[in-house]
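Working notes, beginning with the structure itself.
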Amino acid sequence: MSTISFSTQKRGASSLKSPTAYQLRSLVLDYLCHHCYTSTARAFIRDSTVKELDADGDEILGGAEPSRWPPSSTEAPEVLLQNVKRRSEIRELILAGQVDDAIDLLNKYFPSVLSESSSPSERTSFSNPEGGFTYVSATSVEAAHLLLNLRILAFIEACRTRPLEVPHPTKAPFEPVPSITSSQSNLSTAMDTTEHSTRLPLELPTLEPEGRKLYALVSALPNPKEREVYKQELKNVGGILAYKIPEESPVAKYLAYQRREAVADQINRAVLHRTGSSPTSSIELLTRYTTVLWETAQEHKAKIRPGAVIPPVASPPPEGSRSDEPDEVPLFDLRQFLDSKP
């Protein structure tokens with residue numbers, strides 16, 4: 001989970017308390033771009049232009065300046081949407097199991113993501129320009145880790161003996177990528193249309209050299225702990241070769257759709273990092289901030305100030321009831337907040 005520093009400066013705190021129309025628009029656009037909803041983002045940009053009006057109702061030309069908080073891209077809309085579309089293409093290729101094609105696009109559009117010359121510590125964190133938050137990616141953005149996870153996924157896809165049935169969009173347990181780079185994500189409704197025939201014995205000699213190449217990549221990792229993590233991962237994944245139909249074996253979890261999603265999400269975060277964007281959408285960060293803020297307030301038994309806006313509670317006190325002492329602040333529950341009436 002991303003790390004958040006509560007060192008909000010006065011300007012950032014003011015933005016949180018009284019967001020402008022531009023800031024709210026930025027939240028929505030940031031979310032759409034972060035999750036690669038290119039067409040929706042394009043329509044939103046076109047239809048949600050905010051106009052500043054004076055006291056007479058006339059538009060103030062040049063008087064509106066887009067908000068810089070929450071953090072948003074400083075690129076022109078078309079350039080921004082072009083990068084979103086490219087990230088979407090790469091993600092869809094990974095979700096379809098076409099890993100080599102995804103690597104080709106990564107090297108074409110975002111060469112720094114898999115570049116070995118990239119510094120391991122380069123852009124491992126992202127700071128709000130106004131000092132509101134400091135947070136890091138939930139998964140590794142190091143090129144060596146990214147390339148290994150992609151190559152391991154490609155090896156798994158080569159071992160597949162039947163078309164992958166994509167589960168319905170519901171939460172389900174899955175086997176993540178190695179623990180130093182693992183991530184969870186919601187399921188997608190996209191279907192894998194790639195045709196796979198039953199693997200023939202003659203294909204095994206082709207897979208074994210690929211396995212040895214993976215071990216060579218792992219052995220090149222400079223960190224001993226990381227090498228051990230990946231060696232264990234390769235040992236587990238290599239068990240696929242022992243079964244004629246691995247989808248019906250004890251190692252079938254490695255061929256699940258969620259594995260593709262975990263890698264796709266990690267690559268998406270890495271691309272955002274390397275292009276100077278936040279690896280987490282602003283609205284998700286605000287939700288985390290709000291949740292922790294109210295949890296901390298309750299932990300310290302803070303009292304509700306008269307007239308303060310508080311999160312909705314499951315069982316509000318009866319109307320007209322009063323207490324000599326103010327009630328303690330409630331916890332923030334996102335689902336309950338979304339279900340509550342304005």
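Letters A, B, ... go to the chains of the structure tokens in the order shown; residues in each chain start at 1; ligands are counted from 1 in the same order.
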Close residues, Glu157 of chain A itself excluded, 10 Å, only C-alpha atoms, min 2 positions apart in chain, as a list in words: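 Using only C-alpha atoms, the neighbours found are Ala96, Gly97, Gln98, Val99, Arg151, Ile152, Leu153, Ala154, Phe155, Cys159, Arg160, Thr161, Leu164, His196, Tyr254, Leu255 and Arg260 of chain A.
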Contact table segment 250-282 of chain A vs segment 17-27 of chain A, cut-off 12 Å, shortest pair per residue, only C-alpha atoms, as CSV:
```
residue,atom,partner,partner_atom,distance
A:Thr280,CA,A:Leu27,CA,11.7
A:Ser281,CA,A:Leu27,CA,8.1
A:Ser282,CA,A:Leu27,CA,6.2
```
Residues of the last selection are to be written out with all heavy atoms, as a PDB file, in the first residue's frame.
```pdb
ATOM      1  N   THR A 280      -0.823   6.278  -8.268  1.00  0.00           N
ATOM      2  CA  THR A 280      -2.124   6.080  -7.637  1.00  0.00           C
ATOM      3  C   THR A 280      -3.021   7.253  -7.989  1.00  0.00           C
ATOM      4  O   THR A 280      -2.584   8.399  -7.971  1.00  0.00           O
ATOM      5  CB  THR A 280      -1.981   5.986  -6.100  1.00  0.00           C
ATOM      6  OG1 THR A 280      -1.022   4.985  -5.779  1.00  0.00           O
ATOM      7  CG2 THR A 280      -3.313   5.634  -5.450  1.00  0.00           C
ATOM      8  N   SER A 281      -4.266   6.981  -8.314  1.00  0.00           N
ATOM      9  CA  SER A 281      -5.182   8.064  -8.670  1.00  0.00           C
ATOM     10  C   SER A 281      -5.413   8.974  -7.468  1.00  0.00           C
ATOM     11  O   SER A 281      -5.388   8.542  -6.315  1.00  0.00           O
ATOM     12  CB  SER A 281      -6.515   7.498  -9.161  1.00  0.00           C
ATOM     13  OG  SER A 281      -7.190   6.822  -8.123  1.00  0.00           O
ATOM     14  N   SER A 282      -5.642  10.243  -7.745  1.00  0.00           N
ATOM     15  CA  SER A 282      -5.819  11.230  -6.675  1.00  0.00           C
ATOM     16  C   SER A 282      -7.018  10.917  -5.800  1.00  0.00           C
ATOM     17  O   SER A 282      -6.974  11.093  -4.587  1.00  0.00           O
ATOM     18  CB  SER A 282      -5.974  12.624  -7.289  1.00  0.00           C
ATOM     19  OG  SER A 282      -4.817  12.992  -7.999  1.00  0.00           O
TER      20      SER A 282
END
```
Residues within 8 Å of segment 308-311 of chain A, only C-alpha atoms, excluding chain neighbours under 5 positions, as number ranges by chain: A: 329-333, 337
Between atom CA of Ala138 of chain A and atom CA of Glu210 of chain A - distance in Å to one decimal: 28.8 Å
Interatomic distance, atom CA of Ile90 of chain A to atom CA of Leu105 of chain A (Å, one decimal):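 One can read the atom CA of Ile90 of chain A to atom CA of Leu105 of chain A distance as 6.5 Å.
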Atomic distance atom CA of Ala143 of chain A - atom CA of Tyr109 of chain A, expressed in Å with one decimal: 15.1 Å
Given only C-alpha atoms as the counted atoms, nearest of A:Ala264, A:Ala242, A:Val313, A:Leu29 to Arg46 of chain A: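 Of A:Ala264, A:Ala242, A:Val313, A:Leu29, the one nearest Arg46 of chain A is A:Leu29, counting only C-alpha atoms.
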Closest of A:Val229, A:Leu95, A:Val218, A:Ala297 to Glu261 of chain A - atom-to-atom distances counting only C-alpha atoms: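 Closest candidate: A:Leu95.
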All residues 12 Å or closer to Tyr31 of chain A, only C-alpha atoms, same chain fewer than 4 positions away omitted, as an MDAnalysis selection string: chainID A and resid 24:27 35:38 40:41 44 70:73 84 278:286
